[in-house]
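Working notes, structure below.
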Amino acid sequence: MGNASNNRGYSSDITIERNRIANISTVVGVSGGIAADINENVFVSPSNRTYRFPNNGASNLKVSNNMIWNYCGGSTLAAIAITPEGTNRLDFVMTGNQVNNNTIYNTSACNMQAVEYGILMDRAQGSVQNNIVALTGTNNPTALRLVGSELKTKLISNHNILWYRTG
């Protein structure tokens, strides 16, 4: 039936803050600091009514005041990533997420072919504000990547300082 925070087996309303994450490396896969794969759980009641959790996609993940630097390896680098878990329905959009006041500085050049993101929000709405992102990779790094529908009206992104190497 849940617990004191009304969490019924799915991840929502989680805060990740005040961490120092450094010198992370891998040989394959994704390397980075904070990665949240949000999963939508579906329950069909005996009366054939469908319930989806978190309600209305409200994952409400808060990632703030973290420092992430020197991460490398694998095929993808992402300092902070909020993405839907791979088997979710394609129209599942996570809402209420906040990525604010983080510092990201990646000087590692251990895999020149890796795709590099400072902050990646895929089908995640909310806010991305007051972050400092500096990437020195040579494979066209992307400081901030926002993917999804209705981003102009449902995602606030401002007051970020973004720097990446060009060439």
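Just so we're on the same page: first chain in the structure tokens is A, next is B, and so on; residues restart at 1 for each chain, and ligands are numbered from 1 in the order they show up.
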Close residues, A:Asp122 itself excluded, 8 Å, only C-alpha atoms, min 3 positions apart in chain, as a compact mmCIF listing (two decimals) with N, CA, C and O atoms, in the first residue's frame:
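After the write, around-v4.txt holds the following:
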```txt
# COMPACT_ATOMS: atom_id res chain seq x y z
N ALA A 81 21.62 13.07 -16.82
CA ALA A 81 20.66 12.61 -17.82
C ALA A 81 19.36 12.19 -17.14
O ALA A 81 19.39 11.41 -16.19
N ILE A 82 18.25 12.73 -17.62
CA ILE A 82 16.93 12.28 -17.19
C ILE A 82 16.24 11.77 -18.44
O ILE A 82 15.95 12.53 -19.36
N THR A 83 16.02 10.47 -18.49
CA THR A 83 15.46 9.83 -19.67
C THR A 83 14.41 8.80 -19.27
O THR A 83 14.45 8.28 -18.16
N PRO A 84 13.48 8.49 -20.18
CA PRO A 84 12.54 7.41 -19.88
C PRO A 84 13.24 6.06 -20.04
O PRO A 84 14.13 5.91 -20.88
N ARG A 145 21.04 19.28 -24.10
CA ARG A 145 20.18 18.68 -25.11
C ARG A 145 18.81 18.42 -24.51
O ARG A 145 18.67 17.69 -23.53
N LEU A 146 17.80 19.04 -25.09
CA LEU A 146 16.41 18.92 -24.66
C LEU A 146 15.63 18.25 -25.79
O LEU A 146 15.61 18.76 -26.90
N VAL A 147 15.02 17.12 -25.50
CA VAL A 147 14.30 16.36 -26.52
C VAL A 147 12.88 16.13 -26.03
O VAL A 147 12.67 15.69 -24.91
N GLY A 148 11.89 16.42 -26.89
CA GLY A 148 10.51 16.13 -26.54
C GLY A 148 9.54 17.09 -27.15
O GLY A 148 9.91 18.05 -27.83
```
Which residues are near A:Ala58? Cut-off 7 Å, only C-alpha atoms, ignore same chain within fewer than 6 positions. Put them as number ranges by chain. A: 94-96
Please save all heavy atoms of the selected residues as a PDB file, in the first residue's frame.
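Output contents, as saved in out.pdb:
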```
ATOM      1  N   MET A  94       7.794  12.693 -18.804  1.00  0.00           N
ATOM      2  CA  MET A  94       7.994  12.916 -17.375  1.00  0.00           C
ATOM      3  C   MET A  94       7.873  14.402 -17.077  1.00  0.00           C
ATOM      4  O   MET A  94       8.417  15.220 -17.809  1.00  0.00           O
ATOM      5  CB  MET A  94       9.364  12.387 -16.959  1.00  0.00           C
ATOM      6  CG  MET A  94       9.532  10.923 -17.279  1.00  0.00           C
ATOM      7  SD  MET A  94      11.250  10.442 -17.505  1.00  0.00           S
ATOM      8  CE  MET A  94      11.699  11.316 -18.967  1.00  0.00           C
ATOM      9  N   THR A  95       7.196  14.767 -16.010  1.00  0.00           N
ATOM     10  CA  THR A  95       6.959  16.170 -15.694  1.00  0.00           C
ATOM     11  C   THR A  95       7.476  16.518 -14.300  1.00  0.00           C
ATOM     12  O   THR A  95       7.737  15.645 -13.482  1.00  0.00           O
ATOM     13  CB  THR A  95       5.456  16.508 -15.764  1.00  0.00           C
ATOM     14  OG1 THR A  95       4.763  15.736 -14.774  1.00  0.00           O
ATOM     15  CG2 THR A  95       4.880  16.210 -17.132  1.00  0.00           C
ATOM     16  N   GLY A  96       7.619  17.825 -14.063  1.00  0.00           N
ATOM     17  CA  GLY A  96       7.991  18.317 -12.740  1.00  0.00           C
ATOM     18  C   GLY A  96       9.457  18.165 -12.381  1.00  0.00           C
ATOM     19  O   GLY A  96       9.826  18.262 -11.213  1.00  0.00           O
TER      20      GLY A  96
END
```
Write out as a ChimeraX atom specification which residues come within 8 Å of A:Ser157 when counting only C-alpha atoms, dropping same-chain ones fewer than 3 positions away. /A:127-129,160
Would you mind exporting the chosen residues as a JSON list (two decimals), in the first residue's frame, restricted to all heavy atoms?
```json
[["chain", "number", "residue", "atom", "x", "y", "z"],
["A", 127, "SER", "N", 12.34, 22.25, -15.39],
["A", 127, "SER", "CA", 13.23, 23.40, -15.50],
["A", 127, "SER", "C", 14.69, 22.97, -15.52],
["A", 127, "SER", "O", 15.08, 22.02, -14.86],
["A", 127, "SER", "CB", 12.99, 24.39, -14.36],
["A", 127, "SER", "OG", 13.41, 23.84, -13.13],
["A", 128, "VAL", "N", 15.48, 23.72, -16.31],
["A", 128, "VAL", "CA", 16.93, 23.58, -16.36],
["A", 128, "VAL", "C", 17.47, 25.00, -16.22],
["A", 128, "VAL", "O", 17.44, 25.77, -17.16],
["A", 128, "VAL", "CB", 17.41, 22.95, -17.69],
["A", 128, "VAL", "CG1", 18.93, 22.83, -17.71],
["A", 128, "VAL", "CG2", 16.76, 21.60, -17.91],
["A", 129, "GLN", "N", 17.93, 25.35, -15.01],
["A", 129, "GLN", "CA", 18.29, 26.74, -14.74],
["A", 129, "GLN", "C", 19.56, 26.84, -13.90],
["A", 129, "GLN", "O", 19.83, 25.99, -13.06],
["A", 129, "GLN", "CB", 17.16, 27.44, -13.99],
["A", 129, "GLN", "CG", 15.85, 27.48, -14.79],
["A", 129, "GLN", "CD", 14.79, 28.25, -14.06],
["A", 129, "GLN", "OE1", 14.65, 29.44, -14.29],
["A", 129, "GLN", "NE2", 14.07, 27.59, -13.19],
["A", 160, "ASN", "N", 21.59, 29.63, -17.79],
["A", 160, "ASN", "CA", 22.63, 28.62, -17.83],
["A", 160, "ASN", "C", 23.86, 29.21, -18.52],
["A", 160, "ASN", "O", 23.73, 30.00, -19.44],
["A", 160, "ASN", "CB", 22.17, 27.39, -18.61],
["A", 160, "ASN", "CG", 21.02, 26.68, -17.92],
["A", 160, "ASN", "OD1", 21.18, 26.15, -16.84],
["A", 160, "ASN", "ND2", 19.86, 26.69, -18.57]]
```
Excluding same-chain residues fewer than 4 positions from A:Thr166, what lies within 10 Å of it counting only C-alpha atoms, as a ChimeraX atom specification? /A:136-141
When you look at A:Ile132 with a cut-off of 7 Å (counting only C-alpha atoms), what residues show up, excluding the ones that are within fewer than 6 positions of it in the same chain? I need them as a ChimeraX atom specification. /A:102-104,160-162
Just write the chosen residues, N, CA, C and O atoms, as a PDB file, in the first residue's frame.
```
ATOM      1  N   ASN A 102      23.828  23.291 -10.942  1.00  0.00           N
ATOM      2  CA  ASN A 102      24.873  22.275 -11.014  1.00  0.00           C
ATOM      3  C   ASN A 102      26.089  22.823 -11.747  1.00  0.00           C
ATOM      4  O   ASN A 102      25.967  23.704 -12.594  1.00  0.00           O
ATOM      5  N   THR A 103      27.270  22.283 -11.431  1.00  0.00           N
ATOM      6  CA  THR A 103      28.506  22.650 -12.103  1.00  0.00           C
ATOM      7  C   THR A 103      29.077  21.404 -12.759  1.00  0.00           C
ATOM      8  O   THR A 103      29.306  20.397 -12.088  1.00  0.00           O
ATOM      9  N   ILE A 104      29.294  21.480 -14.081  1.00  0.00           N
ATOM     10  CA  ILE A 104      29.794  20.344 -14.853  1.00  0.00           C
ATOM     11  C   ILE A 104      31.020  20.819 -15.623  1.00  0.00           C
ATOM     12  O   ILE A 104      30.965  21.811 -16.343  1.00  0.00           O
ATOM     13  N   ASN A 160      21.593  29.632 -17.791  1.00  0.00           N
ATOM     14  CA  ASN A 160      22.634  28.616 -17.827  1.00  0.00           C
ATOM     15  C   ASN A 160      23.861  29.206 -18.517  1.00  0.00           C
ATOM     16  O   ASN A 160      23.733  30.002 -19.444  1.00  0.00           O
ATOM     17  N   ILE A 161      25.054  28.816 -18.079  1.00  0.00           N
ATOM     18  CA  ILE A 161      26.281  29.178 -18.751  1.00  0.00           C
ATOM     19  C   ILE A 161      26.782  27.912 -19.418  1.00  0.00           C
ATOM     20  O   ILE A 161      27.077  26.918 -18.750  1.00  0.00           O
ATOM     21  N   LEU A 162      26.835  27.920 -20.759  1.00  0.00           N
ATOM     22  CA  LEU A 162      27.194  26.740 -21.522  1.00  0.00           C
ATOM     23  C   LEU A 162      28.431  27.021 -22.356  1.00  0.00           C
ATOM     24  O   LEU A 162      28.468  28.018 -23.089  1.00  0.00           O
TER      25      LEU A 162
END
```
Which one is closest to A:Glu17: A:Ser59, A:Thr87, A:Asn70, A:Asn100? Count only C-alpha atoms.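 When distances to A:Glu17 are compared using only C-alpha atoms, the smallest one comes from A:Asn100.
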6 Å contact set for stretch 116-118 of chain A, only C-alpha atoms, chain neighbours under 3 positions out, as a list in words: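 Near neighbours after the sequence-gap exclusion: Thr76, Leu77, Ala78, Ala79, Pro141, Thr142, Ala143 and Leu144 of chain A.
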Please produce an output containing C-alpha atoms for each residue in the selection, written as a PDB file, in the first residue's frame.
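The new file result_2.pdb reads:
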```
ATOM      1  CA  THR A  76      28.006   8.024 -24.522  1.00  0.00           C
ATOM      2  CA  LEU A  77      29.054  10.581 -21.902  1.00  0.00           C
ATOM      3  CA  ALA A  78      26.417  12.453 -19.906  1.00  0.00           C
ATOM      4  CA  ALA A  79      27.025  14.391 -16.709  1.00  0.00           C
ATOM      5  CA  PRO A 141      29.953  17.862 -27.516  1.00  0.00           C
ATOM      6  CA  THR A 142      26.474  19.157 -26.652  1.00  0.00           C
ATOM      7  CA  ALA A 143      26.276  21.204 -23.455  1.00  0.00           C
ATOM      8  CA  LEU A 144      22.456  21.030 -23.174  1.00  0.00           C
TER       9      LEU A 144
END
```
Between A:Asn88, A:Asn131, A:Asn97, A:Asn158, which is the closest to A:Asn41 once you count only C-alpha atoms?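 So, comparing all the options, the nearest one is A:Asn88.
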Considering only C-alpha atoms, state which residue in the set A:Gly86, A:Pro46, A:Pro54, A:Gly74 is at the smallest distance from A:Val30.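 Ranked by minimum distance to A:Val30, first place goes to A:Gly74.
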Out of A:Glu85, A:Asp91, A:Val99, A:Gly57, which residue has the shortest atom-to-atom distance to A:Ile16 when counting only C-alpha atoms?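 When distances to A:Ile16 are compared using only C-alpha atoms, the smallest one comes from A:Val99.
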Write down as a count of residues only the residues belonging to stretch 20-63 of chain A that are assigned strand (DSSP E) by DSSP computed on the backbone. 26
